[in-house]
Structure formats: structure tokens, C-alpha cells
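Here is entry-v7.txt, consisting of compact mmCIF, N, CA and C atoms:
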```txt
# COMPACT_ATOMS: atom_id res chain seq x y z
N MET A 13 6.40 15.76 15.74
CA MET A 13 6.18 14.63 14.85
C MET A 13 6.16 15.13 13.41
N THR A 14 6.44 14.22 12.49
CA THR A 14 6.42 14.57 11.07
C THR A 14 5.30 13.83 10.36
N CYS A 15 4.84 14.41 9.28
CA CYS A 15 3.78 13.85 8.45
C CYS A 15 4.27 12.54 7.82
N ARG A 16 3.44 11.52 7.86
CA ARG A 16 3.82 10.23 7.29
C ARG A 16 3.84 10.24 5.77
N LYS A 17 3.20 11.22 5.16
CA LYS A 17 3.17 11.28 3.70
C LYS A 17 4.28 12.16 3.14
N CYS A 18 4.41 13.39 3.66
CA CYS A 18 5.34 14.34 3.05
C CYS A 18 6.56 14.66 3.91
N GLY A 19 6.53 14.31 5.20
CA GLY A 19 7.68 14.54 6.07
C GLY A 19 7.72 15.90 6.74
N ARG A 20 6.75 16.77 6.45
CA ARG A 20 6.71 18.08 7.13
C ARG A 20 6.25 17.91 8.57
N GLU A 21 6.51 18.93 9.37
CA GLU A 21 6.06 18.92 10.76
C GLU A 21 4.54 18.91 10.82
N THR A 22 3.99 18.11 11.75
CA THR A 22 2.54 18.12 11.96
C THR A 22 2.22 19.17 13.01
N PRO A 23 1.04 19.76 12.93
CA PRO A 23 0.66 20.76 13.93
C PRO A 23 0.65 20.16 15.34
N GLN A 24 1.01 20.97 16.31
CA GLN A 24 1.04 20.53 17.70
C GLN A 24 -0.38 20.27 18.20
N SER A 25 -0.52 19.23 19.03
CA SER A 25 -1.81 18.96 19.65
C SER A 25 -1.80 19.59 21.05
N ASP A 26 -2.95 19.61 21.67
CA ASP A 26 -3.04 20.20 23.01
C ASP A 26 -2.64 19.23 24.11
N GLY A 27 -2.11 18.06 23.73
CA GLY A 27 -1.64 17.09 24.71
C GLY A 27 -2.60 15.95 24.98
N ARG A 28 -3.85 16.09 24.54
CA ARG A 28 -4.82 15.01 24.75
C ARG A 28 -4.98 14.21 23.47
N GLY A 29 -5.26 12.94 23.61
CA GLY A 29 -5.52 12.10 22.45
C GLY A 29 -4.27 11.73 21.68
N ARG A 30 -4.48 11.17 20.52
CA ARG A 30 -3.36 10.75 19.69
C ARG A 30 -2.73 11.94 19.00
N HIS A 31 -1.46 11.79 18.70
CA HIS A 31 -0.76 12.80 17.92
C HIS A 31 -1.23 12.71 16.47
N ARG A 32 -1.20 13.82 15.77
CA ARG A 32 -1.59 13.83 14.37
C ARG A 32 -0.54 13.10 13.54
N SER A 33 -1.00 12.32 12.59
CA SER A 33 -0.09 11.56 11.73
C SER A 33 0.21 12.29 10.43
N TYR A 34 -0.65 13.21 10.05
CA TYR A 34 -0.51 13.91 8.77
C TYR A 34 -0.59 15.42 9.02
N CYS A 35 0.09 16.17 8.19
CA CYS A 35 0.11 17.62 8.35
C CYS A 35 -1.17 18.26 7.84
N SER A 36 -1.89 17.56 6.97
CA SER A 36 -3.10 18.14 6.38
C SER A 36 -4.05 17.03 5.95
N THR A 37 -5.26 17.44 5.68
CA THR A 37 -6.25 16.50 5.14
C THR A 37 -5.79 15.97 3.79
N GLY A 38 -5.14 16.82 3.01
CA GLY A 38 -4.64 16.40 1.69
C GLY A 38 -3.65 15.26 1.79
N CYS A 39 -2.73 15.34 2.75
CA CYS A 39 -1.75 14.26 2.92
C CYS A 39 -2.43 12.97 3.39
N ARG A 40 -3.41 13.10 4.29
CA ARG A 40 -4.13 11.91 4.77
C ARG A 40 -4.89 11.27 3.61
N ARG A 41 -5.55 12.08 2.81
CA ARG A 41 -6.29 11.56 1.65
C ARG A 41 -5.35 10.93 0.62
N ALA A 42 -4.19 11.52 0.43
CA ALA A 42 -3.21 10.96 -0.52
C ALA A 42 -2.75 9.59 -0.07
N MET A 43 -2.55 9.42 1.23
CA MET A 43 -2.15 8.11 1.76
C MET A 43 -3.29 7.10 1.59
N GLU A 44 -4.51 7.52 1.86
CA GLU A 44 -5.66 6.63 1.67
C GLU A 44 -5.77 6.21 0.20
N TYR A 45 -5.56 7.16 -0.70
CA TYR A 45 -5.61 6.87 -2.13
C TYR A 45 -4.53 5.87 -2.50
N GLU A 46 -3.32 6.05 -1.99
CA GLU A 46 -2.23 5.13 -2.31
C GLU A 46 -2.54 3.72 -1.81
N LEU A 47 -3.12 3.61 -0.62
CA LEU A 47 -3.48 2.29 -0.10
C LEU A 47 -4.56 1.63 -0.98
N ARG A 48 -5.56 2.40 -1.40
CA ARG A 48 -6.59 1.84 -2.28
C ARG A 48 -6.00 1.40 -3.61
N ARG A 49 -5.10 2.23 -4.16
CA ARG A 49 -4.46 1.91 -5.44
C ARG A 49 -3.64 0.63 -5.33
N LEU A 50 -2.89 0.49 -4.23
CA LEU A 50 -2.10 -0.72 -4.02
C LEU A 50 -3.00 -1.94 -3.88
N GLN A 51 -4.11 -1.81 -3.16
CA GLN A 51 -5.02 -2.94 -3.00
C GLN A 51 -5.59 -3.37 -4.34
N LYS A 52 -5.97 -2.40 -5.18
CA LYS A 52 -6.51 -2.73 -6.50
C LYS A 52 -5.45 -3.44 -7.36
N ALA A 53 -4.23 -2.93 -7.35
CA ALA A 53 -3.15 -3.56 -8.13
C ALA A 53 -2.88 -4.97 -7.62
N LEU A 54 -2.90 -5.13 -6.31
CA LEU A 54 -2.66 -6.46 -5.72
C LEU A 54 -3.77 -7.43 -6.12
N ASP A 55 -5.02 -6.97 -6.10
CA ASP A 55 -6.14 -7.81 -6.53
C ASP A 55 -5.96 -8.25 -7.99
N GLU A 56 -5.53 -7.33 -8.84
CA GLU A 56 -5.34 -7.65 -10.26
C GLU A 56 -4.21 -8.66 -10.46
N VAL A 57 -3.12 -8.50 -9.75
CA VAL A 57 -2.00 -9.44 -9.87
C VAL A 57 -2.41 -10.82 -9.38
N GLU A 58 -3.15 -10.86 -8.28
CA GLU A 58 -3.60 -12.16 -7.77
C GLU A 58 -4.56 -12.83 -8.76
N GLU A 59 -5.38 -12.05 -9.43
CA GLU A 59 -6.27 -12.61 -10.46
C GLU A 59 -5.45 -13.20 -11.61
N GLN A 60 -4.42 -12.49 -12.05
CA GLN A 60 -3.55 -13.01 -13.11
C GLN A 60 -2.85 -14.29 -12.67
N GLN A 61 -2.46 -14.35 -11.40
CA GLN A 61 -1.83 -15.58 -10.89
C GLN A 61 -2.81 -16.74 -10.95
N ARG A 62 -4.07 -16.49 -10.60
CA ARG A 62 -5.07 -17.56 -10.68
C ARG A 62 -5.21 -18.04 -12.11
N TRP A 63 -5.24 -17.11 -13.07
CA TRP A 63 -5.34 -17.49 -14.47
C TRP A 63 -4.16 -18.35 -14.88
N CYS A 64 -2.98 -18.01 -14.44
CA CYS A 64 -1.79 -18.79 -14.78
C CYS A 64 -1.86 -20.18 -14.16
N ARG A 65 -2.27 -20.22 -12.90
CA ARG A 65 -2.33 -21.49 -12.19
C ARG A 65 -3.32 -22.44 -12.86
N LEU A 66 -4.41 -21.89 -13.37
CA LEU A 66 -5.42 -22.72 -14.02
C LEU A 66 -5.10 -22.99 -15.49
N GLY A 67 -4.09 -22.33 -16.03
CA GLY A 67 -3.67 -22.57 -17.39
C GLY A 67 -4.54 -21.90 -18.44
N TRP A 68 -5.33 -20.91 -18.04
CA TRP A 68 -6.21 -20.23 -18.98
C TRP A 68 -5.42 -19.28 -19.86
N HIS A 69 -5.83 -19.15 -21.08
CA HIS A 69 -5.25 -18.23 -22.06
C HIS A 69 -3.76 -18.49 -22.30
N GLY A 70 -3.31 -19.71 -22.08
CA GLY A 70 -1.94 -20.08 -22.43
C GLY A 70 -0.86 -19.34 -21.67
N ARG A 71 -1.14 -18.92 -20.46
CA ARG A 71 -0.12 -18.23 -19.66
C ARG A 71 1.01 -19.22 -19.37
N ARG A 72 2.22 -18.72 -19.42
CA ARG A 72 3.38 -19.57 -19.21
C ARG A 72 3.91 -19.43 -17.79
N ALA A 73 4.73 -20.36 -17.38
CA ALA A 73 5.31 -20.35 -16.03
C ALA A 73 6.15 -19.10 -15.81
N THR A 74 6.81 -18.60 -16.86
CA THR A 74 7.62 -17.39 -16.68
C THR A 74 6.74 -16.20 -16.32
N GLN A 75 5.55 -16.14 -16.89
CA GLN A 75 4.62 -15.08 -16.53
C GLN A 75 4.16 -15.24 -15.09
N ALA A 76 3.94 -16.47 -14.67
CA ALA A 76 3.51 -16.72 -13.30
C ALA A 76 4.56 -16.23 -12.31
N SER A 77 5.83 -16.44 -12.59
CA SER A 77 6.86 -15.98 -11.67
C SER A 77 6.96 -14.46 -11.67
N THR A 78 6.69 -13.83 -12.81
CA THR A 78 6.66 -12.37 -12.87
C THR A 78 5.53 -11.83 -12.01
N TYR A 79 4.36 -12.45 -12.10
CA TYR A 79 3.23 -12.04 -11.27
C TYR A 79 3.54 -12.24 -9.80
N GLU A 80 4.23 -13.33 -9.49
CA GLU A 80 4.57 -13.59 -8.09
C GLU A 80 5.51 -12.51 -7.55
N SER A 81 6.51 -12.13 -8.30
CA SER A 81 7.44 -11.10 -7.81
C SER A 81 6.73 -9.75 -7.68
N GLU A 82 5.80 -9.46 -8.56
CA GLU A 82 5.03 -8.21 -8.46
C GLU A 82 4.11 -8.25 -7.23
N ARG A 83 3.50 -9.40 -6.98
CA ARG A 83 2.64 -9.55 -5.80
C ARG A 83 3.43 -9.30 -4.53
N VAL A 84 4.62 -9.88 -4.45
CA VAL A 84 5.48 -9.70 -3.28
C VAL A 84 5.85 -8.23 -3.11
N ARG A 85 6.18 -7.56 -4.21
CA ARG A 85 6.54 -6.14 -4.15
C ARG A 85 5.38 -5.30 -3.63
N LEU A 86 4.19 -5.55 -4.16
CA LEU A 86 3.01 -4.80 -3.74
C LEU A 86 2.67 -5.06 -2.27
N GLU A 87 2.76 -6.32 -1.86
CA GLU A 87 2.47 -6.65 -0.46
C GLU A 87 3.48 -5.99 0.47
N ASP A 88 4.74 -5.98 0.08
CA ASP A 88 5.76 -5.33 0.91
C ASP A 88 5.48 -3.85 1.07
N ARG A 89 5.11 -3.18 -0.03
CA ARG A 89 4.82 -1.74 0.05
C ARG A 89 3.59 -1.48 0.92
N MET A 90 2.55 -2.30 0.76
CA MET A 90 1.36 -2.12 1.57
C MET A 90 1.66 -2.36 3.05
N ARG A 91 2.44 -3.39 3.33
CA ARG A 91 2.83 -3.68 4.72
C ARG A 91 3.61 -2.51 5.30
N GLU A 92 4.51 -1.94 4.50
CA GLU A 92 5.30 -0.79 4.94
C GLU A 92 4.39 0.38 5.31
N LEU A 93 3.41 0.66 4.46
CA LEU A 93 2.49 1.76 4.75
C LEU A 93 1.62 1.49 5.96
N LEU A 94 1.11 0.28 6.07
CA LEU A 94 0.24 -0.05 7.19
C LEU A 94 1.02 -0.12 8.51
N ASP A 95 2.23 -0.65 8.48
CA ASP A 95 3.05 -0.68 9.69
C ASP A 95 3.38 0.74 10.15
N ASP A 96 3.64 1.63 9.19
CA ASP A 96 3.93 3.01 9.51
C ASP A 96 2.72 3.67 10.16
N GLN A 97 1.53 3.36 9.68
CA GLN A 97 0.33 3.95 10.25
C GLN A 97 0.09 3.42 11.67
N ALA A 98 0.34 2.15 11.89
CA ALA A 98 0.11 1.57 13.20
C ALA A 98 1.15 2.04 14.21
N GLY A 99 2.35 2.35 13.73
CA GLY A 99 3.42 2.72 14.63
C GLY A 99 3.30 4.10 15.22
N GLY A 100 2.44 4.97 14.66
CA GLY A 100 2.32 6.35 15.00
C GLY A 100 2.02 6.69 16.38
```

Final C-alpha cells representation of the file:
Amino acid sequence: MTCRKCGRETPQSDGRGRHRSYCSTGCRRAMEYELRRLQKALDEVEEQQRWCRLGWHGRRATQASTYESERVRLEDRMRELLDDQAGG
């Protein structure tokens, strides 16, 4: 199996339990950090969308569509990472 973060070979297991998903603790932590970072960015974009929807601070519809496309991009990336983790 290969590491889900860097693509290197993961150490062999003794045959019991789940296979390792990451080659090192560093790669596992890096993936956890990326997921947290994506969640924070997604929360911020959703907050901006709420501001646009409510008309606060004069946000325009063009900004709302920009926030929507960014939200979709972030959700797609997060889904990709989470699906990869579940598929292991």
C-alpha cells in the first residue's frame, strides 16, 4: 500500500488489523492539518455567503457567486480527502 499523503510505500503490517494508511506520523498529522484547514476555510466562506444573503456591508450578487464557487471547490477537496480515507 502507499501513503495517502506522499505516495511512498507504507510499512508492512503483520497481517492483523487494518493496513496502515500513512508512511509516518508526520504524513498522518499533515493530512489532519489539511482537513482542519479546509474546514476553517469552508466555515469562513459560508459565513461570507450568509453576509451576502442578508445584504450586510453592501455585498453584491457577484461576490455571492464567487463565494459559492469557492465553497463548492472546498467541499469537493474535503470530500476527496475523506473518501480517500474511508476507502483505505

Which neighbours of Cys15 in chain A fall inside 6 Å, counting only N, CA and C atoms, when residues of the same chain fewer than 4 positions from it are skipped, and could you give them as JSON, numbers by chain?
{"A": [19, 20, 21, 22, 33, 34, 35]}

Residue contacts of Gln61 in chain A (7 Å, only C-alpha atoms) excluding same-chain residues fewer than 4 positions away, as a VMD selection string:
chain A and resid 57 65 76 79

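Proximity to Met90 in chain A at 8 Å, evaluated using only N, CA and C atoms and with sequence-adjacent residues fewer than 4 positions away removed, yields A:Glu46, A:Leu47, A:Leu50, A:Gln51, A:Val84, A:Arg85, A:Leu86, A:Leu94, A:Asp95, A:Asp96.
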
Computed interatomic separation between CA of Arg83 in chain A and CA of Leu54 in chain A (Å)
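For CA of Arg83 in chain A relative to CA of Leu54 in chain A, the distance reads 6.1 Å.
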
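Rounded to one decimal, CA of Ala42 in chain A and CA of Arg30 in chain A lie 20.2 Å from each other.
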